[in-house]
Structures are given as structure tokens and as C-alpha cells.
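The file data33.csv contains CSV, C-alpha atoms:
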```csv
chain,number,residue,atom,x,y,z
A,1,MET,CA,-198.5,-52.2,-160.0
A,2,ARG,CA,-197.9,-53.2,-163.6
A,3,LEU,CA,-200.2,-51.8,-166.3
A,4,GLU,CA,-201.1,-55.4,-167.4
A,5,THR,CA,-202.2,-56.2,-163.8
A,6,CYS,CA,-204.2,-53.0,-163.5
A,7,ILE,CA,-206.1,-53.8,-166.7
A,8,ARG,CA,-206.7,-57.4,-165.7
A,9,LYS,CA,-208.2,-56.3,-162.3
A,10,GLY,CA,-210.2,-53.5,-163.9
A,11,LEU,CA,-211.7,-56.0,-166.4
A,12,ARG,CA,-212.2,-58.6,-163.7
A,13,LEU,CA,-210.6,-61.3,-165.8
A,14,LYS,CA,-210.7,-64.9,-164.5
A,15,ALA,CA,-210.2,-67.2,-167.5
A,16,HIS,CA,-208.1,-64.6,-169.4
A,17,ARG,CA,-204.9,-62.7,-168.9
A,18,VAL,CA,-203.2,-59.6,-170.3
A,19,ARG,CA,-200.1,-60.8,-172.2
A,20,GLU,CA,-198.6,-57.4,-172.9
A,21,VAL,CA,-199.5,-53.8,-173.5
A,22,ARG,CA,-197.7,-51.8,-176.2
A,23,GLU,CA,-198.2,-48.6,-178.1
A,24,GLU,CA,-199.3,-48.6,-181.7
A,25,SER,CA,-200.1,-45.5,-183.7
A,26,GLY,CA,-200.7,-43.3,-180.7
A,27,ARG,CA,-202.8,-45.7,-178.8
A,28,LEU,CA,-202.3,-48.4,-176.2
A,29,VAL,CA,-203.1,-52.0,-177.3
A,30,ALA,CA,-203.6,-54.6,-174.6
A,31,GLU,CA,-203.1,-58.2,-176.0
A,32,ILE,CA,-205.4,-60.6,-174.2
A,33,GLU,CA,-205.2,-64.4,-174.3
A,34,ALA,CA,-207.2,-67.2,-172.8
A,35,ILE,CA,-205.6,-69.2,-170.0
A,36,PRO,CA,-205.2,-72.8,-171.0
A,37,GLY,CA,-207.4,-75.2,-169.2
A,38,ARG,CA,-209.7,-72.6,-167.8
A,39,ALA,CA,-213.5,-72.9,-168.4
A,40,LEU,CA,-215.0,-70.4,-170.9
A,41,ARG,CA,-218.6,-69.4,-171.2
A,42,CYS,CA,-220.8,-70.1,-174.2
A,43,GLY,CA,-221.8,-66.9,-176.0
A,44,HIS,CA,-225.4,-68.1,-176.4
A,45,CYS,CA,-226.4,-69.8,-173.2
A,46,SER,CA,-223.5,-68.7,-170.9
A,47,ARG,CA,-222.9,-72.4,-169.9
A,48,ARG,CA,-219.3,-73.1,-168.8
A,49,THR,CA,-217.2,-75.5,-170.8
A,50,THR,CA,-213.5,-76.4,-171.2
A,51,ARG,CA,-214.1,-78.0,-174.6
A,52,ARG,CA,-212.7,-75.7,-177.4
A,53,HIS,CA,-213.6,-76.0,-181.1
A,54,SER,CA,-211.5,-73.4,-182.9
A,55,ARG,CA,-210.3,-69.8,-182.7
A,56,GLN,CA,-211.7,-66.7,-184.4
A,57,PRO,CA,-209.6,-63.9,-186.0
A,58,PRO,CA,-208.5,-61.2,-183.6
A,59,ARG,CA,-211.0,-58.5,-182.7
A,60,GLU,CA,-210.6,-55.2,-181.0
A,61,TRP,CA,-212.7,-53.5,-178.3
A,62,ARG,CA,-212.3,-49.8,-177.3
A,63,ASP,CA,-211.9,-49.2,-173.6
A,64,LEU,CA,-211.6,-46.1,-171.4
A,65,SER,CA,-208.5,-44.0,-172.2
A,66,VAL,CA,-205.4,-44.1,-170.0
A,67,ARG,CA,-204.2,-40.5,-169.3
A,68,ASP,CA,-205.8,-39.3,-172.5
A,69,GLN,CA,-204.3,-42.1,-174.6
A,70,PRO,CA,-206.9,-44.5,-176.2
A,71,LEU,CA,-206.8,-48.0,-174.9
A,72,VAL,CA,-207.8,-50.9,-177.2
A,73,LEU,CA,-208.3,-54.6,-176.1
A,74,ARG,CA,-207.2,-57.1,-178.8
A,75,TYR,CA,-208.3,-60.7,-178.4
A,76,ALA,CA,-208.9,-63.7,-180.7
A,77,PRO,CA,-212.1,-65.2,-179.4
A,78,VAL,CA,-212.4,-69.0,-178.9
A,79,ARG,CA,-215.2,-71.1,-180.4
A,80,VAL,CA,-216.2,-73.3,-177.6
A,81,ALA,CA,-217.9,-76.7,-178.1
A,82,CYS,CA,-221.0,-76.2,-175.9
A,83,VAL,CA,-222.9,-79.4,-175.1
A,84,ALA,CA,-226.3,-77.6,-175.5
A,85,CYS,CA,-225.6,-75.1,-178.3
A,86,GLY,CA,-222.8,-76.8,-180.3
A,87,PRO,CA,-219.9,-74.6,-181.6
A,88,ARG,CA,-220.4,-71.1,-180.4
A,89,VAL,CA,-218.1,-68.1,-180.0
A,90,GLU,CA,-217.3,-67.6,-176.3
A,91,HIS,CA,-218.7,-64.8,-174.2
A,92,VAL,CA,-216.1,-62.2,-173.3
A,93,PRO,CA,-216.6,-60.8,-169.8
A,94,TRP,CA,-215.5,-57.2,-170.7
A,95,ALA,CA,-218.1,-56.4,-173.4
A,96,PRO,CA,-221.7,-57.1,-174.3
A,97,ARG,CA,-222.5,-59.3,-177.3
A,98,TRP,CA,-222.1,-57.7,-180.7
A,99,GLN,CA,-220.5,-54.6,-179.1
A,100,ARG,CA,-217.0,-53.2,-179.9
A,101,ILE,CA,-216.7,-51.1,-176.7
A,102,THR,CA,-216.2,-52.4,-173.2
A,103,LYS,CA,-218.8,-52.3,-170.5
A,104,ALA,CA,-216.8,-49.6,-168.6
A,105,LEU,CA,-216.8,-47.3,-171.7
A,106,ALA,CA,-220.5,-48.0,-172.4
A,107,GLY,CA,-221.3,-47.0,-168.8
A,108,ALA,CA,-219.3,-43.8,-169.0
A,109,ILE,CA,-221.0,-42.9,-172.3
A,110,ALA,CA,-224.4,-43.6,-170.8
A,111,ARG,CA,-223.7,-41.4,-167.8
A,112,LEU,CA,-222.3,-38.5,-169.8
A,113,SER,CA,-225.1,-38.6,-172.4
A,114,ARG,CA,-227.6,-37.7,-169.7
A,115,GLN,CA,-225.9,-34.3,-169.5
A,116,LEU,CA,-224.7,-33.7,-173.1
A,117,THR,CA,-226.0,-34.4,-176.6
A,118,TRP,CA,-225.1,-37.7,-178.1
A,119,ALA,CA,-222.9,-36.0,-180.7
A,120,GLU,CA,-221.0,-34.1,-178.0
A,121,THR,CA,-220.6,-37.4,-176.0
A,122,ALA,CA,-219.3,-39.1,-179.1
A,123,ALA,CA,-216.8,-36.3,-179.7
A,124,HIS,CA,-215.6,-36.4,-176.1
A,125,TYR,CA,-214.9,-40.1,-176.1
A,126,GLY,CA,-213.7,-40.2,-179.8
A,127,VAL,CA,-216.4,-42.7,-180.9
A,128,ASP,CA,-219.1,-42.7,-183.6
A,129,TRP,CA,-222.5,-41.3,-182.9
A,130,LYS,CA,-224.0,-44.7,-183.6
A,131,THR,CA,-221.9,-46.2,-180.9
A,132,VAL,CA,-223.3,-43.7,-178.4
A,133,ALA,CA,-226.9,-44.5,-179.6
A,134,ALA,CA,-226.3,-48.2,-179.2
A,135,ALA,CA,-224.8,-47.7,-175.7
A,136,VAL,CA,-227.8,-45.6,-174.6
A,137,LYS,CA,-230.4,-48.0,-176.0
A,138,ARG,CA,-228.7,-50.9,-174.2
A,139,ALA,CA,-228.6,-48.9,-170.9
A,140,VAL,CA,-232.3,-48.1,-171.3
A,141,ARG,CA,-233.2,-51.8,-171.9
A,142,TRP,CA,-231.2,-52.8,-168.8
A,143,GLY,CA,-232.7,-50.0,-166.7
A,144,LEU,CA,-236.3,-50.9,-167.7
A,145,GLN,CA,-235.7,-54.5,-166.7
A,146,HIS,CA,-234.1,-53.6,-163.4
A,147,ARG,CA,-236.0,-50.6,-162.2
A,148,ARG,CA,-237.9,-50.9,-158.9
A,149,TRP,CA,-241.6,-51.2,-159.3
A,150,SER,CA,-244.0,-49.6,-156.9
A,151,PRO,CA,-247.9,-49.7,-157.0
A,152,LEU,CA,-249.5,-46.9,-159.0
A,153,HIS,CA,-252.2,-44.9,-157.2
A,154,PHE,CA,-252.1,-41.4,-158.9
A,155,ILE,CA,-251.2,-41.3,-162.6
A,156,GLY,CA,-251.1,-38.5,-165.2
A,157,ILE,CA,-251.6,-39.0,-168.9
A,158,ASP,CA,-250.5,-36.4,-171.5
A,159,GLU,CA,-249.0,-36.2,-174.9
A,160,VAL,CA,-245.9,-34.5,-176.4
A,161,SER,CA,-245.3,-33.6,-180.0
A,162,ARG,CA,-242.8,-35.8,-181.8
A,163,ARG,CA,-242.6,-33.8,-185.0
A,164,LYS,CA,-244.7,-31.6,-187.3
A,165,GLY,CA,-247.9,-33.0,-188.7
A,166,HIS,CA,-249.8,-34.0,-185.5
A,167,HIS,CA,-247.4,-36.8,-184.6
A,168,TYR,CA,-247.4,-37.4,-180.8
A,169,LEU,CA,-246.1,-39.6,-178.0
A,170,THR,CA,-248.2,-40.5,-175.1
A,171,LEU,CA,-246.5,-40.2,-171.7
A,172,VAL,CA,-247.9,-41.8,-168.5
A,173,TYR,CA,-246.4,-40.5,-165.2
A,174,ASP,CA,-246.6,-41.5,-161.6
A,175,LEU,CA,-247.7,-38.3,-160.0
A,176,GLY,CA,-247.1,-39.6,-156.4
A,177,ARG,CA,-243.4,-40.4,-157.0
A,178,ARG,CA,-242.8,-38.0,-159.9
A,179,ARG,CA,-241.4,-40.4,-162.4
A,180,LEU,CA,-242.0,-41.6,-165.9
A,181,VAL,CA,-243.9,-44.9,-166.1
A,182,TRP,CA,-244.6,-45.6,-169.8
A,183,ILE,CA,-244.2,-44.1,-173.3
A,184,GLY,CA,-246.2,-45.0,-176.3
A,185,GLU,CA,-246.3,-43.9,-179.9
A,186,ASN,CA,-249.3,-41.8,-181.1
A,187,ARG,CA,-252.3,-40.9,-178.9
A,188,ASP,CA,-255.1,-43.0,-180.3
A,189,ALA,CA,-257.1,-45.9,-178.8
A,190,ALA,CA,-254.6,-48.5,-179.9
A,191,THR,CA,-251.9,-46.7,-177.9
A,192,MET,CA,-254.0,-46.7,-174.8
A,193,GLN,CA,-254.8,-50.3,-175.3
A,194,GLN,CA,-251.1,-51.0,-175.4
A,195,PHE,CA,-250.6,-49.2,-172.1
A,196,PHE,CA,-253.3,-51.1,-170.3
A,197,THR,CA,-252.1,-54.4,-171.7
A,198,TRP,CA,-248.7,-53.6,-170.4
A,199,LEU,CA,-250.1,-52.5,-167.0
A,200,GLY,CA,-252.3,-55.6,-166.5
A,201,ARG,CA,-255.5,-55.9,-164.6
A,202,ARG,CA,-254.0,-56.5,-161.2
A,203,ARG,CA,-251.9,-53.4,-161.2
A,204,ALA,CA,-254.7,-51.4,-162.8
A,205,ARG,CA,-257.0,-52.1,-159.8
A,206,ALA,CA,-254.6,-50.1,-157.5
A,207,ILE,CA,-255.0,-46.9,-159.5
A,208,GLN,CA,-257.3,-44.4,-157.7
A,209,VAL,CA,-256.9,-41.1,-159.5
A,210,VAL,CA,-256.1,-40.3,-163.2
A,211,CYS,CA,-255.3,-36.7,-164.1
A,212,CYS,CA,-255.5,-35.9,-167.9
A,213,ASP,CA,-256.9,-33.5,-170.4
A,214,MET,CA,-260.3,-33.8,-172.1
A,215,TRP,CA,-259.1,-35.9,-175.0
A,216,ALA,CA,-261.9,-38.3,-175.7
A,217,VAL,CA,-259.6,-41.2,-176.5
A,218,TYR,CA,-258.1,-41.0,-173.0
A,219,LEU,CA,-261.5,-40.7,-171.3
A,220,ASP,CA,-262.9,-43.7,-173.1
A,221,ALA,CA,-259.9,-45.9,-172.3
A,222,ILE,CA,-259.9,-44.8,-168.6
A,223,ARG,CA,-263.6,-45.5,-168.1
A,224,THR,CA,-263.3,-48.9,-169.8
A,225,HIS,CA,-260.1,-50.1,-168.0
A,226,LEU,CA,-260.2,-48.1,-164.8
A,227,PRO,CA,-263.9,-47.9,-163.7
A,228,GLN,CA,-262.9,-47.4,-160.1
A,229,ALA,CA,-260.6,-44.5,-160.7
A,230,LEU,CA,-261.6,-40.8,-160.3
A,231,ILE,CA,-260.9,-38.7,-163.3
A,232,VAL,CA,-259.5,-35.2,-162.6
A,233,PHE,CA,-259.1,-32.8,-165.5
A,234,ASP,CA,-255.9,-31.0,-165.4
A,235,ARG,CA,-256.1,-27.3,-164.5
A,236,PHE,CA,-253.5,-26.4,-167.0
A,237,HIS,CA,-255.6,-27.7,-170.0
A,238,VAL,CA,-258.8,-26.2,-168.7
A,239,VAL,CA,-257.2,-22.8,-168.4
A,240,GLN,CA,-255.7,-23.4,-171.9
A,241,HIS,CA,-259.2,-23.7,-173.3
A,242,LEU,CA,-260.3,-20.6,-171.4
A,243,ASN,CA,-257.4,-18.5,-172.7
A,244,ARG,CA,-258.2,-19.8,-176.2
A,245,ALA,CA,-261.7,-18.4,-175.9
A,246,VAL,CA,-260.4,-15.0,-174.7
A,247,ASP,CA,-258.0,-14.9,-177.7
A,248,ASP,CA,-260.8,-15.8,-180.1
A,249,VAL,CA,-262.8,-12.8,-178.8
A,250,ARG,CA,-259.8,-10.6,-179.1
A,251,ARG,CA,-259.4,-11.6,-182.7
A,252,GLU,CA,-263.0,-10.8,-183.5
A,253,THR,CA,-262.8,-7.5,-181.7
A,254,TRP,CA,-259.7,-6.6,-183.7
A,255,ARG,CA,-261.4,-7.3,-187.0
A,256,ARG,CA,-264.3,-4.9,-186.2
A,257,LEU,CA,-262.1,-1.9,-185.0
A,258,ARG,CA,-261.1,0.9,-187.2
A,259,GLY,CA,-258.9,4.0,-187.0
A,260,ALA,CA,-257.6,5.2,-183.7
A,261,ASP,CA,-259.3,2.4,-181.8
A,262,ARG,CA,-257.5,-0.2,-183.9
A,263,ALA,CA,-254.2,1.4,-183.2
A,264,ALA,CA,-254.8,1.5,-179.4
A,265,PHE,CA,-255.8,-2.1,-179.5
A,266,LYS,CA,-252.7,-3.3,-181.3
A,267,ARG,CA,-250.3,-5.7,-179.5
A,268,THR,CA,-252.5,-6.4,-176.5
A,269,ARG,CA,-252.8,-10.2,-176.7
A,270,TRP,CA,-250.8,-10.9,-173.6
A,271,LEU,CA,-252.4,-8.1,-171.7
A,272,TRP,CA,-255.7,-10.0,-171.7
A,273,LEU,CA,-254.1,-13.4,-171.0
A,274,LYS,CA,-251.6,-12.5,-168.2
A,275,ASN,CA,-252.5,-12.8,-164.6
A,276,PRO,CA,-253.1,-9.3,-163.0
A,277,TRP,CA,-250.3,-9.8,-160.5
A,278,ASN,CA,-247.8,-10.4,-163.4
A,279,LEU,CA,-248.5,-7.2,-165.2
A,280,ARG,CA,-245.9,-4.4,-165.1
A,281,PRO,CA,-247.1,-0.9,-164.1
A,282,ALA,CA,-247.2,0.3,-167.7
A,283,GLU,CA,-249.2,-2.7,-168.8
A,284,ARG,CA,-251.5,-2.3,-165.9
A,285,ARG,CA,-252.3,1.3,-166.9
A,286,ARG,CA,-252.8,0.4,-170.5
A,287,LEU,CA,-255.2,-2.5,-169.6
A,288,SER,CA,-257.1,-0.2,-167.3
A,289,ALA,CA,-257.6,2.2,-170.1
A,290,LEU,CA,-258.8,-0.5,-172.5
A,291,CYS,CA,-261.2,-1.8,-169.9
A,292,ARG,CA,-263.1,1.5,-169.9
A,293,THR,CA,-264.1,0.9,-173.6
A,294,ASN,CA,-267.3,-1.0,-174.2
A,295,GLN,CA,-265.8,-3.8,-176.2
A,296,PRO,CA,-266.7,-7.6,-176.2
A,297,ILE,CA,-263.1,-8.3,-175.1
A,298,VAL,CA,-263.7,-6.5,-171.8
A,299,ARG,CA,-266.6,-8.9,-171.0
A,300,ALA,CA,-264.3,-11.8,-172.0
A,301,TYR,CA,-261.6,-10.6,-169.7
A,302,TYR,CA,-263.9,-10.3,-166.8
A,303,LEU,CA,-265.3,-13.7,-167.5
A,304,LYS,CA,-261.7,-15.1,-167.5
A,305,GLU,CA,-260.8,-13.5,-164.2
A,306,ALA,CA,-264.1,-14.6,-162.6
A,307,PHE,CA,-263.4,-18.2,-163.7
A,308,GLN,CA,-259.9,-18.2,-162.2
A,309,ARG,CA,-261.5,-17.7,-158.7
A,310,PHE,CA,-262.9,-21.2,-159.0
A,311,TRP,CA,-259.5,-22.7,-158.4
A,312,ASP,CA,-259.4,-21.2,-154.9
A,313,TYR,CA,-262.3,-23.2,-153.6
A,314,GLN,CA,-261.4,-26.1,-151.3
A,315,ARG,CA,-264.9,-27.6,-150.9
A,316,GLU,CA,-267.1,-28.9,-153.6
A,317,GLY,CA,-270.3,-27.7,-151.9
A,318,TRP,CA,-269.1,-24.1,-152.4
A,319,ALA,CA,-267.4,-24.6,-155.8
A,320,ARG,CA,-270.4,-26.2,-157.5
A,321,PRO,CA,-272.9,-23.3,-157.2
A,322,TYR,CA,-270.2,-20.8,-158.1
A,323,LEU,CA,-269.3,-22.8,-161.2
A,324,GLN,CA,-273.0,-23.1,-162.1
A,325,GLN,CA,-273.4,-19.3,-161.8
A,326,TRP,CA,-270.4,-18.7,-163.9
A,327,LEU,CA,-271.7,-21.1,-166.6
A,328,TRP,CA,-275.0,-19.2,-166.7
A,329,TRP,CA,-273.1,-15.9,-167.1
A,330,ALA,CA,-270.9,-17.3,-169.9
A,331,SER,CA,-273.9,-18.8,-171.7
A,332,HIS,CA,-275.7,-15.5,-171.7
A,333,SER,CA,-272.6,-13.4,-172.6
A,334,ARG,CA,-273.3,-13.3,-176.3
A,335,LEU,CA,-269.7,-14.4,-176.9
A,336,GLU,CA,-269.6,-17.5,-179.0
A,337,PRO,CA,-266.2,-18.7,-177.9
A,338,PHE,CA,-267.3,-18.6,-174.2
A,339,GLN,CA,-270.5,-20.3,-175.0
A,340,ARG,CA,-268.5,-23.1,-176.6
A,341,PHE,CA,-266.2,-23.2,-173.5
A,342,ALA,CA,-269.3,-23.3,-171.2
A,343,ARG,CA,-270.6,-26.4,-173.1
A,344,LEU,CA,-267.2,-28.0,-172.8
A,345,VAL,CA,-267.2,-27.4,-169.0
A,346,ARG,CA,-270.7,-28.8,-168.6
A,347,GLU,CA,-269.8,-32.0,-170.4
A,348,HIS,CA,-266.8,-32.5,-168.0
A,349,VAL,CA,-268.1,-30.8,-164.9
A,350,GLU,CA,-267.5,-33.7,-162.5
A,351,GLY,CA,-263.9,-34.1,-163.5
A,352,ILE,CA,-263.3,-30.3,-163.0
A,353,LEU,CA,-265.0,-30.3,-159.6
A,354,ALA,CA,-262.8,-33.1,-158.5
A,355,TRP,CA,-260.0,-30.5,-158.3
A,356,THR,CA,-261.6,-29.1,-155.1
A,357,ARG,CA,-261.2,-32.4,-153.3
A,358,LEU,CA,-257.7,-33.4,-154.5
A,359,TRP,CA,-255.9,-30.3,-155.8
A,360,LEU,CA,-254.1,-32.6,-158.2
A,361,SER,CA,-252.8,-31.4,-161.5
A,362,ASN,CA,-250.4,-32.4,-164.3
A,363,SER,CA,-247.9,-29.7,-163.4
A,364,THR,CA,-245.3,-32.4,-162.7
A,365,LEU,CA,-246.0,-34.0,-166.1
A,366,GLU,CA,-245.9,-30.6,-167.8
A,367,GLY,CA,-242.4,-30.0,-166.3
A,368,LEU,CA,-241.4,-33.4,-167.7
A,369,ASN,CA,-242.8,-32.4,-171.1
A,370,ASN,CA,-240.6,-29.3,-171.1
A,371,LYS,CA,-237.6,-31.5,-170.3
A,372,VAL,CA,-238.5,-33.8,-173.2
A,373,LYS,CA,-238.7,-30.8,-175.5
A,374,VAL,CA,-235.3,-29.7,-174.3
A,375,ILE,CA,-233.9,-33.2,-175.2
A,376,SER,CA,-235.3,-32.9,-178.7
A,377,HIS,CA,-234.2,-29.3,-179.3
A,378,ARG,CA,-230.8,-30.0,-177.9
A,379,ALA,CA,-230.3,-32.8,-180.5
A,380,TYR,CA,-232.1,-30.8,-183.3
A,381,GLY,CA,-234.6,-33.6,-183.4
A,382,PHE,CA,-234.4,-37.4,-183.9
A,383,ARG,CA,-234.9,-39.2,-187.2
A,384,THR,CA,-236.6,-42.3,-185.8
A,385,THR,CA,-239.2,-42.7,-183.0
A,386,ASP,CA,-237.4,-45.5,-181.3
A,387,THR,CA,-234.3,-43.3,-180.9
A,388,TYR,CA,-236.4,-40.4,-179.5
A,389,ILE,CA,-238.1,-42.7,-177.0
A,390,ALA,CA,-234.8,-44.1,-175.9
A,391,ALA,CA,-233.5,-40.5,-175.4
A,392,ILE,CA,-236.6,-39.7,-173.3
A,393,TRP,CA,-236.2,-42.8,-171.1
A,394,HIS,CA,-232.6,-42.1,-170.6
A,395,GLY,CA,-233.0,-38.4,-169.8
A,396,CYS,CA,-236.3,-38.4,-167.9
A,397,GLY,CA,-236.9,-42.0,-166.7
A,398,ASP,CA,-234.5,-42.0,-163.7
A,399,LEU,CA,-233.4,-45.5,-164.7
A,400,PRO,CA,-230.6,-47.3,-162.9
A,401,LEU,CA,-227.4,-47.8,-164.8
A,402,GLU,CA,-225.5,-51.1,-165.0
A,403,LEU,CA,-222.3,-51.3,-163.1
A,404,ALA,CA,-219.3,-52.2,-165.2
```

Since I need it in another form, could you write the structure as C-alpha cells?
Amino acid sequence: MRLETCIRKGLRLKAHRVREVREESGRLVAEIEAIPGRALRCGHCSRRTTRRHSRQPPREWRDLSVRDQPLVLRYAPVRVACVACGPRVEHVPWAPRWQRITKALAGAIARLSRQLTWAETAAHYGVDWKTVAAAVKRAVRWGLQHRRWSPLHFIGIDEVSRRKGHHYLTLVYDLGRRRLVWIGENRDAATMQQFFTWLGRRRARAIQVVCCDMWAVYLDAIRTHLPQALIVFDRFHVVQHLNRAVDDVRRETWRRLRGADRAAFKRTRWLWLKNPWNLRPAERRRLSALCRTNQPIVRAYYLKEAFQRFWDYQREGWARPYLQQWLWWASHSRLEPFQRFARLVREHVEGILAWTRLWLSNSTLEGLNNKVKVISHRAYGFRTTDTYIAAIWHGCGDLPLELA
């Protein structure tokens, strides 16, 4: 098979043909021409027409390489006389509008950029970084338009840091199917309003359970737009508040110690926060020795371990009295951080008790957040939010890719 025929079939040309292929400056240049009398498509409305107005100067499109030799398509587009739009530049079938790479190369770039950074992908294909960014953004737009939609029943809402200075992105995840549903900039009331506007009232009625943290903005929006949904507070964030209380007590204890006691207490932060079964033998012995001292941190450690037993309950009837007993103990512990944590739990006790019925958490979403952070760290950050969101969709959205 001739190379001209191979290129024509690969590009699926109907109204065009490959006149010749020649080598220029270490690259292959395929000269393409329009077949006389064949109908061409309008570049604006895609309407077919045989009326031709004029011809544009030659343009070049980068295609996939042939045996490590760059291939370039060269063609002088025709200005067709469309009956609806007037004189318009024709639509070329091998490349999207305003693009200087072919659909085949754009698809290859989009597939490889899911595994490598955009700079590495650009170096692999010998194109500019902006070309890769444009190909990824176009792939994301196409994927969002053609992804299969399924009713939402269990969703998780969480935020991920975009950059320093309390700049966040809000992520909504389908916990039942383990996939990303929506991304919004910031984590304020306006962001949540954008999500529920995008979701619509009909699809919102199908949501049964929402798993989130105790951020007041999320709770107000959920109670307003999803009155039928059950709110479950994520176990990860509850334990995070608990560990923060333990660490606050440790800091206060450290400030009061002097001399040998201070030296023995040094570098023990993770001893108090680790689960007992994760401690190494040497750490277990050191923690046992520290627990023999009469320090406030010992009470905090026992309170933390006692609260962890709550997650083992599978019936609310047993979990509620245990949690109430623990709250009384924490409120009378004379430890201000645990008294604050107890007030926080009392304010959100129903959402915490819902765990015993559903055993649902944001662990899937936390795993996604880690993947999002890897995408950001691998690229050493993104300058604009739109580019960062496109990278998240492309790497974590499981979006379909357009076939060339």
C-alpha cells in the first residue's frame, strides 16, 4: 500500500486526497488537495455545499509520526459559499476548529497525559506545552458532554486545597459508583448554589445520603436543597477533630514540664495519635512508661481510645448510650480541648450516629483527594484554576475519550 493511500485511509478522507508525500527538513510533508466537484462542509454550521468562494493560504497540521519521523499535513483550505452563513472557511475532517494538530495526535496526547505530566507528554510528542493543555481541555469538554449519567443516591462532598492562603476546590463524588461528579471553585455558599443549580431539582430528589464534614456552609446548603437526604458525618473528619484535641493537650502538657520529665516527653506526638496495633515494640514500651505518669495527656489518650470504640457499634440503640456516656466523661475531664470536642459532637450527634446504620464514609473521596494532590505535585502546581480543574477531570474523572 502506498504511503499516500495509507494516510488517506487513516484520515478517512472523502472530499480530499493526498497528492504527494515528500521529505522536507527531516520531516514528512503530506500535500492534501480538495477533489473538484466534491461537497465540502461549512466550518461554522457543517452544512454541505459545492459552491466555493476562494482559497486560503496553505496551513499545516501536525500528525502522528511515521517511524519516528514527524508527519505534517499541508493544505490550503477553501472558503465555501454557505447558503446559511455566507463565505466561511471549510471544515477539515482531520482536525478540530482552530487546532494545528490532528484528531489522532490530540487523542494520543490526551491518553498519554493521564499517565505523565503535560511537560513530559509535550516532550514525547515534540509539541508545545500549550498544545498539550489545549488537547486535554478539549478532551475534558468532550468527555463531560458524552459521559454516561446515572442517578445519584449516595454522594460525598469534600474540599481540596488549590494553593496557599485558604484557596480550595469543592469536589462532589458519587460514593456508590466511585466517580467524580462535579468540581467547583472555592467552598462557600455560592459554590454550593452552583452545584445544586447544575444538579437540578429532579436529580436532587433521588439523593438519599450525603457524607461530608462539619463545615457549616455544606450543612446549610444540604438542608436547604436536600431536605429528604440523611447527613452522615465522615468518620475521617470526626477523628481528625479528636486527634487535634489530643495534640492540643499534649502541647499544654509539654509547656508545663521541666527537667527530666520534659526530656522523656520529647518527640512523643505520634505515640499518642497512633492506633495501638500500629505501634512498634519499642514505641509500645515507651508509651506504657509514659502512661504511668499522672499527666493530663494520659487522660486525653484514654479518652481518645475510648471514643474509637464507638465506630465498632452496628446498632444505634447501643451506640447512643455509649456516646452519651463518653460525652459526660469528656465534659468532666477538665481538659478544655476535649470539652470543645464534646460540644462539637453534641451539635452534630445525629449525623455521627447515622454511621451505625450506614457505615458510610468519605474514604473513597479521600483517596481521590490524594490522587488530586499527586496531580498537582507532579506538575509542581498550576498557574490558573481552570487548568487545574481540567487536569483533575482528566486524571480522576474517568471521562470517555473521543475516537479519532

* Asked: Given the choices A:Pro93, A:Pro58, A:Gly184, A:Gly10, which gets closest to Gly43 in chain A if the distance is worked out from all atoms listed in the file?
  -> A:Pro93

* To do: For each of A:Glu252, A:Glu23, A:Asp213, A:Asp398, take the minimum atom-to-atom distance to Leu180 in chain A, counting only C-alpha atoms, then give the residue where this is smallest.
  =>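 For Leu180 in chain A, the nearest of the candidates is A:Asp398.
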
* Structure fact -> One residue among A:Gly26, A:Ala119, A:Ala354, A:Arg51 is nearest to Arg378 in chain A when using all atoms listed in the file, and that residue is A:Ala119

* Structure fact -> For Ser46 in chain A, the closest of A:Lys9, A:Arg97, A:Leu64, A:Gly317 counting all atoms listed in the file is A:Arg97

* Exercise: range 147-162 of chain A partners within 8 Å, all atoms listed in the file, chain neighbours under 4 positions left out, as a ChimeraX atom specification -> /A:143,166-176,187,203-204,206-213,218,362,365,369,385,399-400

* **Polymer residues at most 10 Å from (-267.8, -22.0, -156.8) by all atoms listed in the file, as a count of residues only** => 21

* To do: Could you jot down the CA of Trp393 in chain A to CA of Glu120 in chain A separation for me, Å, one decimal place?
  =>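 Between these atoms lies a distance of 18.8 Å.
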
* Two-atom distance - CA of Gly397 in chain A, CA of Thr131 in chain A (Å) ->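 Atom-to-atom, CA of Gly397 in chain A to CA of Thr131 in chain A, that is 21.1 Å.
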
* If you count only C-alpha atoms, which residues fall within 6 Å of Gly351 in chain A, apart from same-chain ones fewer than 5 positions away, as number ranges by chain? -> A: 231-233

* To do: Excluding Tyr75 in chain A and residues on its chain fewer than 4 positions from it, collect all residues at most 8 Å away from it, counting all atoms listed in the file, and give them as a VMD selection string.
  => chain A and resid 31 to 33 58 to 60

* To do: Could you jot down the CA of Thr253 in chain A to CA of Thr268 in chain A separation for me, Å, one decimal place?
  =>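 Value for the CA of Thr253 in chain A-CA of Thr268 in chain A distance: 11.6 Å.
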
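All polymer residues at most 9 Å from (-226.8, -43.7, -177.4), using only C-alpha atoms, appear as Ile109, Ala110, Ser113, Trp118, Thr121, Ala122, Trp129, Lys130, Thr131, Val132, Ala133, Ala134, Ala135, Val136, Lys137, Arg138, Ala139, Thr387, Ala390 and Ala391 of chain A.
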
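Near Ala221 in chain A, within a cut-off of 10 Å and counting only C-alpha atoms, sit the residues Asp188, Ala189, Ala190, Thr191, Met192, Gln193, Phe195, Phe196, Ala216, Val217, His225, Leu226 and Pro227 of chain A, with same-chain residues fewer than 4 positions away left out.
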
My structure is short of atoms at range 14-24 of chain A; please model N, CA and C atoms there, returning them as a short mmCIF file (atom, residue, chain, number, x, y, z; two decimals), in the frame of the given file.
```
data_model
loop_
_atom_site.label_atom_id
_atom_site.label_comp_id
_atom_site.auth_asym_id
_atom_site.auth_seq_id
_atom_site.Cartn_x
_atom_site.Cartn_y
_atom_site.Cartn_z
N LYS A 14 -210.92 -63.68 -165.20
CA LYS A 14 -210.70 -64.90 -164.50
C LYS A 14 -210.08 -65.98 -165.40
N ALA A 15 -210.68 -66.16 -166.55
CA ALA A 15 -210.20 -67.20 -167.50
C ALA A 15 -209.31 -66.57 -168.57
N HIS A 16 -208.99 -65.28 -168.46
CA HIS A 16 -208.10 -64.60 -169.40
C HIS A 16 -207.05 -63.84 -168.69
N ARG A 17 -206.02 -63.46 -169.42
CA ARG A 17 -204.90 -62.70 -168.90
C ARG A 17 -204.44 -61.69 -169.93
N VAL A 18 -203.80 -60.63 -169.45
CA VAL A 18 -203.20 -59.60 -170.30
C VAL A 18 -201.77 -60.02 -170.59
N ARG A 19 -201.46 -60.37 -171.84
CA ARG A 19 -200.10 -60.80 -172.20
C ARG A 19 -199.13 -59.66 -172.20
N GLU A 20 -199.52 -58.58 -172.86
CA GLU A 20 -198.60 -57.40 -172.90
C GLU A 20 -199.47 -56.20 -173.33
N VAL A 21 -198.89 -55.04 -173.07
CA VAL A 21 -199.50 -53.80 -173.50
C VAL A 21 -198.40 -53.00 -174.22
N ARG A 22 -198.71 -52.58 -175.42
CA ARG A 22 -197.70 -51.80 -176.20
C ARG A 22 -198.44 -50.69 -176.93
N GLU A 23 -197.64 -49.76 -177.42
CA GLU A 23 -198.20 -48.60 -178.10
C GLU A 23 -198.11 -48.77 -179.58
N GLU A 24 -199.23 -48.51 -180.23
CA GLU A 24 -199.30 -48.60 -181.70
C GLU A 24 -200.09 -47.42 -182.22
#
```
